[in-house]
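Novice: What follows is a single structure, and I will ask about it in a moment.
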There are 2 protein chains.
Amino acid sequence: MVTLKDVARESGYDVSTVSRALSGAYGVHNTTRAEVLAVATRLDYRPNRIARGLATGRAGAIGLLISDLRNPYFVEVARGAEDAAYSAGLDLMVCHSNLDPDKQARYVRSLAENRVTGIIMNLVAPLSRKQQEDLVRHSIPVVLFNRVSRDLPFSTVLSDNVRGGNLAGRHLLQLGHRRIGILAGPRHHTNPEERCRGFLNAVREKCCDVAVFHGYHAQKQGLELTRKLLSDNPKITAIFAVNDTMAFGAIQAIMETGRAIPKDISLVGFDDVELSGIIHPPLTTVHVPQYEMGKAAVEIVLRQSKSRGPAIPEHRVFGVRLVERQSCRDVSAGVGSPQKTLPASSPAPDSDDGDVHPGL
Amino acid sequence: MVTLKDVARESGYDVSTVSRALSGAYGVHNTTRAEVLAVATRLDYRPNRIARGLATGRAGAIGLLISDLRNPYFVEVARGAEDAAYSAGLDLMVCHSNLDPDKQARYVRSLAENRVTGIIMNLVAPLSRKQQEDLVRHSIPVVLFNRVSRDLPFSTVLSDNVRGGNLAGRHLLQLGHRRIGILAGPRHHTNPEERCRGFLNAVREKCCDVAVFHGYHAQKQGLELTRKLLSDNPKITAIFAVNDTMAFGAIQAIMETGRAIPKDISLVGFDDVELSGIIHPPLTTVHVPQYEMGKAAVEIVLRQSKSRGPAIPEHRVFGVRLVERQSCRDVSAGVGSPQKTLPASSPAPDSDDGDVHPGL
DNA sequence: CTGAAAGCGCTAACAG
DNA sequence: CTGTTAGCGCTTTCAG
């Protein structure tokens, strides 16, 4: 294994000089740098990042803790994060808690022990007091994808969930639906809760029958919940799922019962996962800029890690918009007339991707 | 930041003793260990893995280089790998080349510089001679998910592609299809090529019209290729896609042209990605044990990293089986009789998951 | 611009 | 069983 020392010996310079030359720092004569570089390439020198990490105190990596990689939503988030980290020359340590709180805890610890530059996480379960303290004591910037508590010294990246839920609700209302089921996701999880709230606010204006079903926001639960929903409330004409993955489960369940979408049941999802446009029927859903959110998260980490002292948490909320596809039907006008596919209804100016509330 | 030294001072023992006590090594009195542990927890001591890595020479991580995370296939592989690494107490550094050879190259280098215990990779482009040498010189165990060259000192984990292709071909043949299109994926990629070969071997027995279309094995290409396929060969009654992701693209294209599956076109995929059972129509496909393969890959890395000297590469081939769902129709019997959904045709004894050819 | 020297935090012989 | 002593490979003052 060829080390700095080897390059130093071989080039006739001191390790410190070689180090500077290779790290691209100033204060090295051009010819010197060239010589060193030549030797380094000749010897096929590969810097040892571990050693560098020890010396500098920082590992050149940032951690990404994902709760469920099977949800394409998080894959896109990961892609955005990865790209951003890559451009910054940092490695991404992707950890997958697989919806297991214990695993999550172990990973948070592991990431801290690895002295990562920052951690971006989507939590399954809230962090314990101890874990939080740990993170701040190690002064590791943290970005949460689902806010757990407002008084945490952590940054957040969220979509405008309430507005998204509202859009979904207004859409269904406008199409004449009055008996609606909601696949609300788990309780006490910010994203599902906010989306649900937004939806309920919208439909509450008209008096509607709304049945809310809670359960984990994965496909399997979407399937099971919808089965229950349909058997308990057979009169329902529309379903709102707090994320697309649940909606996919709902599609299965709906078809199982012999119902058709959108003929018998209209369905609205949330996230606008790539698949939503491909599945049959193409799903009407609320678009969330997943990739950008992942990217934004590492940008925050980068910024925070550079700032001196206890960084001030940043909060970004990304705008959303309704994407109308073919899973909803207008039941107000007449029977049997499937809704025309229109371009997304003209959104309010702030509803495009980007910040709604720029960092506080 | 509390270090070993702090724990040592506070507990009255030497750092070396503390190190042993904390690393769970033998040769420490039980009461000593207890004391040390107590102090460590009181001080909230977190070992610095970077430092440990430097001292031991090995980073506690293994690298996973994935070419395309949007393909659920790789997500499952990653899950399997992650679980296995987790049980072994290692971190997984997930890198995503995003089908970009340059990015791939940079990650291979980065992983080597990070002195990972091993690298599992799915290559977009073959490794350069230099990269290969690099890897062996650093004696980093490598597991390839798509074999590139037989004389490489690298291990491989593959599915039994030829057999899978064969199963697909025989199935379509048996259903009476004689004009078949193949979405063959890119040339010079082992998996697509082998699958294609197996398929062609099967259908060659009967004289069939087979149109082979090459292109990248992602959904977008599946869509585009199928468009072309259908316009060039409108008489086609069946399509074989070398992976499910392409098949999904094919579904889009087929529906675009107003054709129905399986009424007008039968479709067979490969991989049996979770989604295949959910999409409409449920896709007949060749099951590949993705999760197990990911797991197997890290097990190989683990084994190799423990062995002394230049490890002997291991090669594992996982069995496959045809999963019949609703995307194929029997055109031999009569017209309009959709094929009954049967349990998978009784497979040869070796066709279940697991090793077909145990390590060579 | 370059060299000398100290040290990042931990492990690993080797003595005692 | 425990302490002493060297480093691991690199960065980083601090002199020169």
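Every chain in the structure tokens has a letter given in the order shown (A, B, ...), and although residue numbers restart at 1 in each chain, ligands are simply numbered from 1 in the order shown.
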Show me, as a ChimeraX atom specification, every residue of chain A with an atom at most 6 Å from chain D, counting only C-alpha atoms (C1' of nucleotides).

Specialist: /A:51-52,55

Novice: With C-alpha atoms retained, could you export that selection as a PDB file, in the first residue's frame?

Specialist:
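Saved to out39.pdb:
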ATOM      1  CA  ALA A  51      -6.367   8.876   7.911  1.00  0.00           C
ATOM      2  CA  ARG A  52      -7.377  12.176   6.478  1.00  0.00           C
ATOM      3  CA  ALA A  55      -6.437  14.328  10.987  1.00  0.00           C
TER       4      ALA A  55
END

Novice: Would you mind listing what lies within 9 Å of Ala40 (chain A) as an MDAnalysis selection string, with only C-alpha atoms (C1' of nucleotides) counted and same-chain residues fewer than 6 positions away left out?

Specialist: chainID A and resid 4 6:7 10:11 22 46

Novice: Given a cut-off of 7 Å, which residues of chain B touch chain A, counting only C-alpha atoms, written out as a ChimeraX atom specification?

Specialist: /B:1,46-51,53-54,69-70,75,92-94,113-114,138,252,278-280

Novice: May I have the residues from that selection written out with C-alpha atoms, as a PDB file, in the first residue's frame?

Specialist:
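Writing done, so here's part_24.pdb:
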ATOM      1  CA  MET B   1     -15.886  15.499  22.507  1.00  0.00           C
ATOM      2  CA  ARG B  46     -18.845   7.499  21.602  1.00  0.00           C
ATOM      3  CA  PRO B  47     -15.924   5.695  20.025  1.00  0.00           C
ATOM      4  CA  ASN B  48     -14.509   7.402  16.996  1.00  0.00           C
ATOM      5  CA  ARG B  49     -14.783   4.905  14.200  1.00  0.00           C
ATOM      6  CA  ILE B  50     -12.453   6.854  12.022  1.00  0.00           C
ATOM      7  CA  ALA B  51      -9.691   6.536  14.538  1.00  0.00           C
ATOM      8  CA  GLY B  53     -10.387   2.425  11.287  1.00  0.00           C
ATOM      9  CA  LEU B  54      -7.002   4.002  11.023  1.00  0.00           C
ATOM     10  CA  LEU B  69     -31.841   2.873  -7.872  1.00  0.00           C
ATOM     11  CA  ARG B  70     -35.025   3.658  -9.738  1.00  0.00           C
ATOM     12  CA  VAL B  75     -33.628  -1.627  -4.244  1.00  0.00           C
ATOM     13  CA  LEU B  92     -23.107  -0.055   3.982  1.00  0.00           C
ATOM     14  CA  MET B  93     -21.946   2.787   1.830  1.00  0.00           C
ATOM     15  CA  VAL B  94     -24.496   2.932  -0.920  1.00  0.00           C
ATOM     16  CA  GLU B 113      -9.800   5.342  -0.805  1.00  0.00           C
ATOM     17  CA  ASN B 114     -12.187   4.746   2.004  1.00  0.00           C
ATOM     18  CA  HIS B 138      -5.700  -2.907  -2.363  1.00  0.00           C
ATOM     19  CA  GLN B 252     -47.396   2.000 -21.565  1.00  0.00           C
ATOM     20  CA  ILE B 278     -49.663  -5.025  -8.670  1.00  0.00           C
ATOM     21  CA  ILE B 279     -49.487  -3.373 -12.014  1.00  0.00           C
ATOM     22  CA  HIS B 280     -52.320  -3.826 -14.430  1.00  0.00           C
TER      23      HIS B 280
END

Novice: So that I can see what lies close to Ile265 (chain B), please list as a list in words the residues with an atom at most 9 Å from it, counting only C-alpha atoms (C1' of nucleotides) and leaving out residues fewer than 6 positions away in the same chain.

Specialist: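 Non-adjacent residues within range: Ile236, Thr237, Ala238, Ile239, Ile254, Arg259, Ser327, Cys328 and Arg329 of chain B.
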
Novice: Apply DSSP to the structure's backbone, then extract all residues of region 98-319 of chain A labelled helix (DSSP H, G or I) and return them as a PyMOL selection string.

Specialist: chain A and resi 101-113+129-137+161-174+190-204+219-232+244-256+274-277+290-306

Novice: Any chance you could tabulate, as CSV, the residues of chain C at most 10 Å from chain B with each one's nearest atom pair and distance in Å to one decimal, using only C-alpha atoms (C1' of nucleotides), in chain and rising number order?

Specialist:
residue,atom,partner,partner_atom,distance
C:DC8,C1',B:Ala51,CA,7.8
C:DG9,C1',B:Ala51,CA,5.0
C:DC10,C1',B:Arg52,CA,4.9
C:DT11,C1',B:Ala55,CA,5.4
C:DA12,C1',B:Ala55,CA,8.8

Novice: Tell me, as a CSV table (one decimal) with N, CA and C atoms, in the first residue's frame, which residues lie within 7 Å of Gly215 (chain A), counting only C-alpha atoms (C1' of nucleotides); anything in the same chain fewer than 5 positions away does not count.

Specialist:
chain,number,residue,atom,x,y,z
A,184,ALA,N,-55.4,7.5,6.1
A,184,ALA,CA,-54.7,8.6,6.7
A,184,ALA,C,-53.3,8.3,7.2
A,185,GLY,N,-52.8,7.1,7.0
A,185,GLY,CA,-51.5,6.9,7.5
A,185,GLY,C,-51.4,6.8,9.0
A,186,PRO,N,-50.2,6.7,9.5
A,186,PRO,CA,-50.1,6.5,11.0
A,186,PRO,C,-50.3,7.8,11.7
A,221,GLN,N,-50.6,-1.8,3.9
A,221,GLN,CA,-51.6,-1.2,4.7
A,221,GLN,C,-52.7,-0.5,3.8

Novice: Neighbours of Ala218 (chain B) within 7 Å (only C-alpha atoms (C1' of nucleotides); same-chain residues fewer than 3 positions away dropped), as a ChimeraX atom specification?

Specialist: /B:221-222,245-246

Novice: Between CA of Ser67 (chain B) and CA of Gln104 (chain B), what is the distance in Å, rounded to a tenth?

Specialist: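 Pair CA of Ser67 (chain B) / CA of Gln104 (chain B) returns 7.9 Å.
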
Novice: Record the distance separating CA of Pro192 (chain B) and CA of Gly118 (chain B), expressed in Å with one decimal.

Specialist: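 Atom-to-atom, CA of Pro192 (chain B) and CA of Gly118 (chain B) are spaced 25.7 Å apart.
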
Novice: Which neighbours of Ile119 (chain B) fall inside 9 Å, counting only C-alpha atoms (C1' of nucleotides), when residues of the same chain fewer than 6 positions from it are skipped, and could you give them as a ChimeraX atom specification?

Specialist: /B:62-65,108,111-112,140-144,298,301

Novice: Using only C-alpha atoms (C1' of nucleotides), which residues sit within 10 Å of Ile180 (chain A) once same-chain residues fewer than 2 positions away are excluded, as a list in words?

Specialist: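 Returned residues: Gly169, Leu172, Leu173, His177, Arg178, Ile182, Val203, Cys208, Asp209, Val210, Ala211, Val212, Leu229, Asn233, Lys235, Ile236, Thr237, Ala238, Ile239, Phe240, Ile265, Ser266 and Leu267 of chain A.
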
Novice: So the first atom is CA of Ser332 (chain B) and the second is CA of Gly176 (chain B); what is the distance between them in Å, to one decimal place?

Specialist: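 Separation of CA of Ser332 (chain B) and CA of Gly176 (chain B): 4.3 Å.
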